[in-house]
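Asker: Contents of upload-v1.txt (compact mmCIF, C-alpha atoms):
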```
# COMPACT_ATOMS: atom_id res chain seq x y z
CA MET A 1 87.39 106.15 160.75
CA SER A 2 89.58 108.05 163.18
CA SER A 3 90.98 111.54 162.87
CA ALA A 4 94.46 112.65 163.83
CA ALA A 5 92.91 115.85 165.10
CA GLU A 6 90.91 113.89 167.69
CA HIS A 7 94.13 112.81 169.40
CA ARG A 8 95.73 116.24 169.55
CA ARG A 9 96.15 117.45 173.11
CA PRO A 10 95.14 120.98 174.17
CA LEU A 11 97.92 123.55 174.06
CA GLN A 12 98.77 125.06 177.44
CA SER A 13 101.14 127.86 176.42
CA ASP A 14 102.94 129.46 173.51
CA SER A 15 106.07 127.44 174.30
CA ASP A 16 104.04 124.22 174.12
CA ALA A 17 102.62 125.31 170.77
CA ILE A 18 106.10 125.99 169.41
CA LEU A 19 107.43 122.63 170.58
CA ASP A 20 104.43 120.74 169.20
CA ALA A 21 104.93 122.43 165.82
CA LEU A 22 108.45 121.01 165.52
CA PRO A 23 108.71 117.85 163.39
CA ASN A 24 111.55 116.47 165.54
CA PRO A 25 111.04 114.76 168.92
CA VAL A 26 112.02 117.02 171.86
CA LEU A 27 111.86 115.87 175.48
CA MET A 28 113.04 117.13 178.86
CA ILE A 29 114.68 114.77 181.35
CA GLY A 30 114.60 115.47 185.08
CA PRO A 31 117.44 114.92 187.57
CA ASP A 32 116.05 111.47 188.42
CA GLY A 33 116.08 110.36 184.77
CA LYS A 34 112.31 110.62 184.43
CA ILE A 35 110.70 112.30 181.42
CA VAL A 36 109.25 115.66 182.51
CA ALA A 37 107.88 116.97 179.20
CA ALA A 38 107.65 115.94 175.54
CA ASN A 39 106.19 117.28 172.32
CA ILE A 40 103.80 115.57 169.90
CA ALA A 41 106.64 114.33 167.66
CA THR A 42 108.05 112.43 170.67
CA GLU A 43 104.72 110.63 171.05
CA ALA A 44 104.87 109.56 167.42
CA PHE A 45 108.52 108.46 167.67
CA PHE A 46 108.08 106.25 170.75
CA GLU A 47 104.43 105.42 169.90
CA ILE A 48 103.42 106.35 173.46
CA SER A 49 101.19 109.17 174.73
CA THR A 50 102.68 112.04 176.72
CA GLN A 51 100.76 110.99 179.83
CA PHE A 52 102.42 107.57 179.71
CA LEU A 53 105.83 109.03 178.79
CA LYS A 54 105.82 111.16 181.94
CA ARG A 55 105.50 108.01 184.02
CA GLN A 56 108.57 106.45 182.39
CA SER A 57 112.28 106.69 182.94
CA LEU A 58 114.25 107.31 179.75
CA LYS A 59 116.30 104.15 180.26
CA GLU A 60 113.06 102.16 180.04
CA LEU A 61 112.44 103.44 176.50
CA VAL A 62 115.89 103.23 174.88
CA PRO A 63 118.07 100.14 174.34
CA PHE A 64 120.13 98.84 177.24
CA GLY A 65 123.43 100.72 177.49
CA SER A 66 122.32 103.31 174.94
CA PRO A 67 124.86 106.10 174.22
CA LEU A 68 122.05 108.57 174.91
CA LEU A 69 122.19 107.80 178.63
CA ALA A 70 125.95 108.41 178.70
CA LEU A 71 125.50 111.68 176.79
CA ILE A 72 122.99 112.93 179.36
CA ASP A 73 125.45 112.17 182.19
CA GLN A 74 128.19 113.94 180.24
CA VAL A 75 126.04 117.05 179.74
CA ARG A 76 125.14 117.13 183.42
CA SER A 77 128.78 116.95 184.49
CA SER A 78 130.11 119.44 181.93
CA ASN A 79 127.05 121.71 181.80
CA ALA A 80 127.66 122.04 178.05
CA PRO A 81 125.68 120.79 175.01
CA VAL A 82 126.82 117.65 173.18
CA ASN A 83 125.90 116.22 169.76
CA GLU A 84 126.14 112.59 168.66
CA TYR A 85 125.36 111.23 165.21
CA LYS A 86 124.01 107.91 163.90
CA VAL A 87 122.86 106.47 167.21
CA ASP A 88 120.50 103.48 167.06
CA LEU A 89 117.50 103.86 169.39
CA GLY A 90 115.55 100.96 167.92
CA THR A 91 113.95 98.50 170.32
CA PRO A 92 111.85 95.37 169.69
CA ARG A 93 108.74 97.33 170.70
CA MET A 94 109.40 100.17 168.22
CA GLY A 95 110.83 97.72 165.73
CA GLY A 96 113.81 97.75 163.43
CA ASP A 97 116.70 100.13 163.08
CA ARG A 98 115.91 103.68 164.31
CA GLN A 99 119.07 105.70 163.68
CA VAL A 100 118.98 109.27 164.97
CA ASP A 101 121.22 112.28 165.46
CA LEU A 102 121.19 113.39 169.11
CA HIS A 103 121.36 116.97 170.35
CA VAL A 104 121.60 117.10 174.17
CA ALA A 105 121.84 120.33 176.14
CA PRO A 106 121.43 121.50 179.75
CA LEU A 107 118.42 123.62 180.71
CA THR A 108 120.06 126.47 182.58
CA GLU A 109 116.74 127.78 183.97
CA ARG A 110 116.13 124.43 185.70
CA PRO A 111 119.33 122.92 187.15
CA GLY A 112 119.65 119.19 186.64
CA HIS A 113 117.19 119.13 183.76
CA ILE A 114 118.34 118.10 180.28
CA VAL A 115 116.74 118.79 176.89
CA VAL A 116 117.12 116.09 174.22
CA MET A 117 116.24 116.54 170.54
CA LEU A 118 116.18 113.55 168.18
CA GLN A 119 116.60 113.94 164.43
CA GLU A 120 115.78 110.70 162.67
CA ARG A 121 118.41 109.99 160.03
CA THR A 122 116.09 107.80 158.00
CA ILE A 123 114.40 110.92 156.60
CA ALA A 124 117.61 112.13 154.95
CA ASP A 125 118.52 108.59 153.94
CA LYS A 126 115.09 108.13 152.34
CA MET A 127 115.53 111.31 150.34
CA ASP A 128 118.88 110.08 149.00
CA ARG A 129 117.48 106.65 148.17
CA GLN A 130 114.47 108.20 146.44
CA LEU A 131 116.72 110.25 144.16
CA THR A 132 118.58 107.02 143.41
CA HIS A 133 115.27 105.34 142.56
CA ARG A 134 114.46 108.14 140.13
CA SER A 135 117.87 107.79 138.52
CA ALA A 136 117.31 104.05 138.11
CA ALA A 137 113.90 104.68 136.55
CA ARG A 138 115.41 107.19 134.12
CA SER A 139 118.16 104.75 133.15
CA VAL A 140 115.60 102.15 132.15
CA ILE A 141 113.89 104.67 129.83
CA ALA A 142 116.69 104.43 127.27
CA LEU A 143 116.64 100.64 127.57
CA ALA A 144 112.87 100.57 126.98
CA ALA A 145 113.16 102.73 123.85
CA MET A 146 115.91 100.52 122.45
CA LEU A 147 114.00 97.32 123.19
CA ALA A 148 110.85 98.64 121.54
CA HIS A 149 112.66 99.30 118.28
CA GLU A 150 115.26 96.53 118.20
CA ILE A 151 113.19 93.64 119.56
CA LYS A 152 109.55 94.12 118.55
CA ASN A 153 110.27 94.25 114.81
CA PRO A 154 112.28 90.98 114.69
CA LEU A 155 109.70 89.33 116.95
CA SER A 156 106.97 90.13 114.43
CA GLY A 157 108.97 88.30 111.76
CA ILE A 158 109.59 85.31 114.05
CA ARG A 159 105.92 85.08 114.93
CA GLY A 160 104.84 85.37 111.30
CA ALA A 161 107.25 82.62 110.25
CA ALA A 162 105.96 80.36 113.03
CA GLN A 163 102.38 80.89 111.87
CA LEU A 164 103.31 79.94 108.30
CA LEU A 165 105.07 76.78 109.52
CA GLU A 166 102.06 75.90 111.64
CA GLN A 167 99.86 75.58 108.55
CA GLN A 168 101.98 72.73 107.15
CA ALA A 169 103.26 71.17 110.41
CA SER A 170 102.11 67.94 112.01
CA SER A 171 100.11 68.01 115.25
CA GLU A 172 103.26 67.50 117.33
CA ASP A 173 105.13 70.24 115.48
CA ARG A 174 102.17 72.60 115.86
CA MET A 175 102.76 72.51 119.63
CA LEU A 176 106.27 73.86 119.00
CA THR A 177 105.10 76.60 116.62
CA ARG A 178 102.40 77.58 119.11
CA LEU A 179 105.07 77.77 121.82
CA ILE A 180 107.12 80.11 119.62
CA CYS A 181 104.12 82.38 119.09
CA ASP A 182 103.20 82.42 122.79
CA GLU A 183 106.75 83.26 123.88
CA ALA A 184 107.01 85.99 121.25
CA ASP A 185 103.75 87.49 122.51
CA ARG A 186 105.03 87.35 126.10
CA ILE A 187 108.18 89.28 125.19
CA VAL A 188 106.15 91.88 123.30
CA THR A 189 103.91 92.33 126.36
CA LEU A 190 106.95 92.86 128.56
CA VAL A 191 108.41 95.41 126.14
CA ASP A 192 105.04 97.23 125.98
CA ARG A 193 105.08 97.58 129.76
CA MET A 194 108.63 98.91 129.69
CA GLU A 195 107.64 101.54 127.11
CA VAL A 196 105.65 103.26 129.85
CA PHE A 197 108.98 104.32 131.40
CA GLY A 198 109.80 106.21 128.22
CA ASP A 199 106.82 108.54 128.56
CA GLU A 200 108.34 111.80 129.83
CA ARG A 201 105.43 114.07 128.96
CA PRO A 202 104.33 116.50 131.70
CA VAL A 203 101.83 115.03 134.14
CA VAL A 204 98.43 116.74 134.08
CA ARG A 205 97.72 117.45 137.73
CA GLY A 206 95.05 119.12 139.80
CA PRO A 207 93.38 118.93 143.23
CA VAL A 208 92.62 115.32 144.16
CA ASN A 209 90.83 114.02 147.25
CA ILE A 210 93.11 111.20 148.40
CA HIS A 211 90.33 109.58 150.43
CA SER A 212 88.20 109.19 147.31
CA VAL A 213 91.18 107.53 145.61
CA LEU A 214 91.78 105.14 148.53
CA ASP A 215 88.08 104.28 148.84
CA HIS A 216 87.98 103.49 145.10
CA VAL A 217 91.07 101.30 145.38
CA LYS A 218 89.62 99.55 148.43
CA ARG A 219 86.37 98.73 146.58
CA LEU A 220 88.29 97.37 143.61
CA ALA A 221 90.46 95.22 145.87
CA GLN A 222 87.58 93.87 147.96
CA SER A 223 85.65 92.89 144.85
CA GLY A 224 88.60 90.92 143.50
CA PHE A 225 92.07 89.94 144.71
CA ALA A 226 91.57 91.07 148.35
CA ARG A 227 88.04 89.85 149.02
CA ASN A 228 89.17 87.77 152.04
CA ILE A 229 91.39 90.45 153.60
CA ARG A 230 90.33 92.80 156.39
CA PHE A 231 90.83 96.51 155.64
CA VAL A 232 91.45 99.11 158.37
CA GLU A 233 91.24 102.83 157.63
CA ASP A 234 92.89 105.54 159.72
CA TYR A 235 92.26 108.79 157.87
CA ASP A 236 92.73 112.45 158.74
CA PRO A 237 89.59 113.97 157.16
CA SER A 238 91.02 117.49 157.48
CA LEU A 239 93.71 116.89 154.85
CA PRO A 240 93.84 119.38 151.97
CA PRO A 241 93.73 118.08 148.38
CA VAL A 242 96.86 116.51 146.94
CA LEU A 243 98.40 117.96 143.77
CA ALA A 244 98.21 114.93 141.49
CA ASN A 245 96.71 113.08 138.55
CA GLN A 246 93.83 111.03 139.93
CA ASP A 247 94.14 108.13 137.45
CA GLN A 248 97.83 107.75 138.20
CA LEU A 249 97.25 107.89 141.96
CA ILE A 250 94.70 105.08 141.61
CA GLN A 251 97.31 103.10 139.69
CA VAL A 252 99.92 103.69 142.40
CA PHE A 253 97.77 102.62 145.35
CA LEU A 254 96.08 99.77 143.49
CA ASN A 255 99.55 98.38 142.81
CA LEU A 256 100.62 98.80 146.45
CA VAL A 257 97.42 97.21 147.77
CA LYS A 258 97.75 94.33 145.29
CA ASN A 259 101.34 93.70 146.42
CA ALA A 260 100.19 93.73 150.05
CA ALA A 261 97.38 91.28 149.28
CA GLU A 262 99.79 88.90 147.54
CA ALA A 263 102.08 89.01 150.60
CA LEU A 264 99.13 87.99 152.81
CA ILE A 265 98.08 84.84 150.93
CA ASP A 266 99.16 82.46 153.71
CA VAL A 267 98.48 84.80 156.65
CA PRO A 268 95.43 83.70 158.70
CA ASP A 269 94.62 87.16 160.15
CA ALA A 270 95.42 89.07 156.97
CA GLU A 271 94.98 92.82 157.34
CA ILE A 272 95.73 95.85 155.17
CA GLN A 273 95.75 99.28 156.78
CA LEU A 274 95.29 102.50 154.81
CA THR A 275 96.34 105.71 156.59
CA THR A 276 96.58 109.40 155.77
CA ALA A 277 98.23 112.14 157.84
CA PHE A 278 99.66 115.64 157.70
CA ARG A 279 103.42 115.69 158.39
CA PRO A 280 104.81 119.26 158.22
CA GLY A 281 108.54 119.78 157.94
CA VAL A 282 109.45 117.33 155.16
CA ARG A 283 110.96 119.21 152.21
CA LEU A 284 112.77 117.85 149.17
CA SER A 285 115.21 119.48 146.76
CA VAL A 286 113.99 118.60 143.27
CA PRO A 287 116.30 118.82 140.23
CA GLY A 288 115.37 121.78 138.02
CA GLN A 289 113.78 123.81 140.83
CA LYS A 290 115.54 126.41 142.97
CA SER A 291 113.27 126.13 145.99
CA ARG A 292 112.68 123.00 147.98
CA VAL A 293 109.28 121.32 147.60
CA SER A 294 107.21 120.72 150.71
CA LEU A 295 105.80 117.19 151.04
CA PRO A 296 103.40 117.40 154.00
CA LEU A 297 100.87 114.76 152.90
CA GLU A 298 101.64 111.21 154.02
CA PHE A 299 99.73 108.19 152.67
CA CYS A 300 100.57 104.67 153.86
CA VAL A 301 99.67 101.14 152.86
CA LYS A 302 100.51 98.72 155.68
CA ASP A 303 100.17 94.95 155.94
CA ASN A 304 100.90 92.27 158.54
CA GLY A 305 102.61 89.89 156.13
CA PRO A 306 106.04 88.25 156.42
CA GLY A 307 107.88 91.37 155.24
CA VAL A 308 110.41 92.15 152.51
CA PRO A 309 113.80 90.34 152.64
CA ASP A 310 116.53 92.62 153.99
CA ASP A 311 118.75 92.08 150.94
CA LEU A 312 116.02 93.36 148.57
CA LEU A 313 114.79 96.29 150.66
CA PRO A 314 117.41 98.91 149.61
CA ASN A 315 116.75 98.25 145.89
CA LEU A 316 113.06 97.41 146.04
CA PHE A 317 112.02 100.17 143.62
CA ASP A 318 114.68 99.39 141.03
CA PRO A 319 113.52 97.72 137.78
CA PHE A 320 113.54 93.90 137.68
CA VAL A 321 113.77 93.57 141.49
CA THR A 322 110.95 91.32 142.74
CA THR A 323 110.12 88.73 145.39
CA LYS A 324 107.58 86.97 143.14
CA GLN A 325 108.57 83.85 141.23
CA THR A 326 106.60 84.95 138.16
CA GLY A 327 106.97 88.71 138.63
CA SER A 328 108.75 91.02 136.20
CA GLY A 329 109.93 93.52 138.83
CA LEU A 330 108.48 96.50 136.95
CA GLY A 331 105.42 97.27 139.09
CA LEU A 332 107.15 99.06 141.98
CA ALA A 333 109.62 100.70 139.60
CA LEU A 334 106.66 102.20 137.74
CA VAL A 335 105.09 103.26 141.05
CA ALA A 336 108.34 105.04 141.99
CA LYS A 337 108.39 106.76 138.58
CA ILE A 338 104.81 108.01 138.90
CA VAL A 339 105.37 109.29 142.44
CA GLY A 340 108.63 110.92 141.34
CA ASP A 341 106.89 112.57 138.36
CA HIS A 342 104.49 114.11 140.89
CA GLY A 343 107.40 115.53 142.90
CA GLY A 344 106.88 113.09 145.77
CA ILE A 345 108.81 110.24 147.33
CA ILE A 346 107.96 106.65 148.25
CA GLU A 347 109.73 104.46 150.77
CA CYS A 348 109.28 101.04 152.32
CA GLU A 349 109.91 100.01 155.91
CA SER A 350 109.58 96.30 156.54
CA GLN A 351 109.88 93.74 159.28
CA PRO A 352 107.87 90.59 160.01
CA ARG A 353 104.19 91.40 160.60
CA LYS A 354 104.69 95.09 159.83
CA THR A 355 105.44 96.32 156.30
CA THR A 356 104.73 99.96 155.43
CA PHE A 357 104.82 101.63 152.02
CA ARG A 358 104.86 105.38 152.71
CA VAL A 359 104.12 108.00 150.02
CA LEU A 360 104.88 111.69 150.69
CA MET A 361 103.23 114.14 148.28
CA PRO A 362 102.83 117.91 147.81
CA MET A 363 99.44 119.45 148.53
CA TYR A 364 97.38 121.47 146.07
CA SER A 365 97.33 125.25 146.37
CA THR A 366 96.32 128.13 144.11
CA SER A 367 99.99 129.15 143.75
CA VAL A 368 100.74 126.00 141.77
CA LYS A 369 97.49 125.97 139.83
CA HIS A 370 98.66 128.37 137.13
CA ALA A 371 102.14 126.86 136.94
CA ASP A 372 100.60 123.45 136.28
CA GLN A 373 98.22 124.85 133.65
CA SER A 374 101.06 125.14 131.12
CA SER A 375 101.72 121.42 131.50
CA ARG A 376 98.01 120.76 131.09
CA ASP A 377 97.85 122.76 127.85
CA GLY A 378 101.05 121.23 126.46
CA SER A 379 99.84 117.69 126.97
CA ALA A 380 96.27 118.08 125.72
CA GLY A 381 95.11 115.10 123.74
CA LYS A 382 97.89 112.84 124.97
CA SER A 383 97.24 109.70 126.95
CA SER A 384 98.80 109.35 130.38
CA PRO A 385 100.86 106.42 131.63
CA ALA A 386 98.05 105.70 134.06
CA SER A 387 96.14 104.07 131.23
CA GLN A 388 98.81 101.37 131.17
CA GLY A 389 98.68 98.47 133.62
CA ALA A 390 101.16 98.22 136.51
CA LYS A 391 101.65 94.67 137.65
```
Would you mind giving the structure from this file in structure tokens?

Answerer:
Amino acid sequence: MSSAAEHRRPLQSDSDAILDALPNPVLMIGPDGKIVAANIATEAFFEISTQFLKRQSLKELVPFGSPLLALIDQVRSSNAPVNEYKVDLGTPRMGGDRQVDLHVAPLTERPGHIVVMLQERTIADKMDRQLTHRSAARSVIALAAMLAHEIKNPLSGIRGAAQLLEQQASSEDRMLTRLICDEADRIVTLVDRMEVFGDERPVVRGPVNIHSVLDHVKRLAQSGFARNIRFVEDYDPSLPPVLANQDQLIQVFLNLVKNAAEALIDVPDAEIQLTTAFRPGVRLSVPGQKSRVSLPLEFCVKDNGPGVPDDLLPNLFDPFVTTKQTGSGLGLALVAKIVGDHGGIIECESQPRKTTFRVLMPMYSTSVKHADQSSRDGSAGKSSPASQGAK
């Protein structure tokens, strides 16, 4: 089990400490195009250590003919800062589309040197998509309430009539009446699962050790549906507790691990990776709250399966969207609802051999303890949606 703290480099000065505290990649380019300095966020973006970055030319890291190279030349010639938006810096090594906003400026104290800051657009895009996911989950609440009332009552009558007919039917006709009963039961089960979306009671939350949750989920998976899959853990043991409902967190990650295991059925070297990390700087504006909520805790479930089809990826957390032939498409929608009820966000990044479900959550602190107590008192004696199955 590795720690993120083990890989942190020693700070050499106050300026280095400030740069390393920034969540955005910042790097300095020398007159020869070589990388002179970079902060920790740059290491994470390019997935390369600073020592290796300093041996590289920038053109070796970005796509051929990248607009970033032209921007650096423009800044050198004009000696003035330049911004460029929605530039793709994705390469086969980094994988996928990596759209960023570029901020390039000359370093007046060191002639010929250029400072580049990257702001990954996917963060803002993920926030927008997550709010869309929450809206979709809320829209299905009204549908679930209507279905429960308008469908379950008639189905009870249909099933009762089929049972009466079965008593006087021939053996061949009994097969048909049994089919009617089975299909009625299947619809009722589906409606029962959709009723979970209608539960808008406050979530009872408190300090939860995420590593205990992930270890519990891992044991459940290895004793059942993922017994032949290799698990890899990359945890930051210094993480503070997450502000959450433990039962619902188990439900969320059990669902994500189960989906990953099902995607790895035909993969010979099947592997699921569970990671935790502290990512300062991510804040989300939540409806009904004046201040933005900080989401510094990042939990990921990764697999090396075939990936999610590109046409399904933007709507993966919407109800009834599924890649399974027999799936209902409600599992990930329920996961998105639970994470949203906790004030967090969930997003999926997928390509062949590398699919990542990333959950960002708020951490527990004494300042939110008393605010959450009112929700705890108001929901005493009520069951939580975590007691329902998410499949």

Asker: Could you tell me how far CA of Asn83 in chain A sits from CA of Leu102 in chain A, in Å to one decimal place?

Answerer: 5.5 Å

Asker: Using only C-alpha atoms, which residue out of A:Met363, A:Phe253, A:Leu220, A:Asp303 lies closest to Gly343 in chain A?

Answerer: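 Of all the options, A:Met363 lies closest to Gly343 in chain A.
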
Asker: Quick one: pull the distance between CA of Gln273 in chain A and CA of Gly90 in chain A, Å, one decimal.

Answerer: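 Spanning CA of Gln273 in chain A to CA of Gly90 in chain A is a straight-line distance of 22.8 Å.
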
Asker: Separation of CA of Asp101 in chain A and CA of Lys86 in chain A, in Å?

Answerer: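 Result for CA of Asp101 in chain A versus CA of Lys86 in chain A: 5.4 Å, one decimal.
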
Asker: For Cys348 in chain A, which of A:Leu249, A:Ala333, A:Val301, A:Ile229 is the closest residue, counting all atoms listed in the file?

Answerer: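 Among the listed residues, A:Val301 lies closest to Cys348 in chain A.
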
Asker: Show me, as a PyMOL selection string, the residues that have an atom within 12 Å of Thr356 in chain A when counting only C-alpha atoms, minus same-chain residues fewer than 2 positions from it.

Answerer: chain A and resi 256-257+259-260+272-275+298-308+313+346-354+358-359

Asker: Which is closer to Val100 in chain A than all the others in A:Val36, A:Leu243, A:Leu176, A:Met117, using all atoms listed in the file?

Answerer: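 Closest residue, counting all atoms listed in the file: A:Met117.
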
Asker: May I have the residues within 12 Å of Ser66 in chain A as a list in words, using only C-alpha atoms and disregarding those fewer than 2 positions away in the same chain?

Answerer: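 Surrounding residues, per the criterion: Leu58, Lys59, Glu60, Leu61, Val62, Pro63, Phe64, Leu68, Leu69, Ala70, Leu71, Ile72, Asp73, Glu84, Val87, Asp88, Leu89, Gly90, Thr91, Gln99 and Leu102 of chain A.
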
Asker: Calculated over only C-alpha atoms, which of the candidates A:Ser294, A:Thr50, A:Gln74, A:Asn315 has the smallest distance to Ile345 in chain A?

Answerer: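 Selected residue with least distance to Ile345 in chain A: A:Ser294.
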
Asker: Between A:Ala37, A:Asp236, A:Gln119, A:Ile151, single out the one closest to Pro23 in chain A, counting all atoms listed in the file.

Answerer: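 Answer, going by the shortest atom-to-atom distance: A:Gln119.
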
Asker: Using only C-alpha atoms, which residues sit within 8 Å of Lys258 in chain A once same-chain residues fewer than 5 positions away are excluded, as a list of chain:residue names?

Answerer: A:Ala221, A:Phe225, A:Ala226

Asker: Can you work out which one of A:Ser212, A:Ser57, A:Thr189, A:Asn24 has the shortest atom-to-atom distance to His103 in chain A, counting all atoms listed in the file?

Answerer: A:Asn24

Asker: Could you pull the residues within 8 Å of Ile338 in chain A, counting only C-alpha atoms, minus those fewer than 3 positions along the same chain, as a PyMOL selection string?

Answerer: chain A and resi 248+252+334-335+341-342

Asker: Which residues, written as a PyMOL selection string, have at least one atom at most 7 Å from Gly206 in chain A, with all atoms listed in the file counted and residues fewer than 2 positions away on the same chain left out?

Answerer: chain A and resi 208+243-245

Asker: Go ahead and save the residues from that selection, with C-alpha atoms, as an mmCIF file, in the coordinates of the input.

Answerer:
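Resulting contents of again.cif:
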```cif
data_model
loop_
_atom_site.group_PDB
_atom_site.id
_atom_site.type_symbol
_atom_site.label_atom_id
_atom_site.label_comp_id
_atom_site.auth_asym_id
_atom_site.auth_seq_id
_atom_site.Cartn_x
_atom_site.Cartn_y
_atom_site.Cartn_z
ATOM 1 C CA VAL A 208 92.620 115.320 144.160
ATOM 2 C CA LEU A 243 98.400 117.960 143.770
ATOM 3 C CA ALA A 244 98.210 114.930 141.490
ATOM 4 C CA ASN A 245 96.710 113.080 138.550
#
```
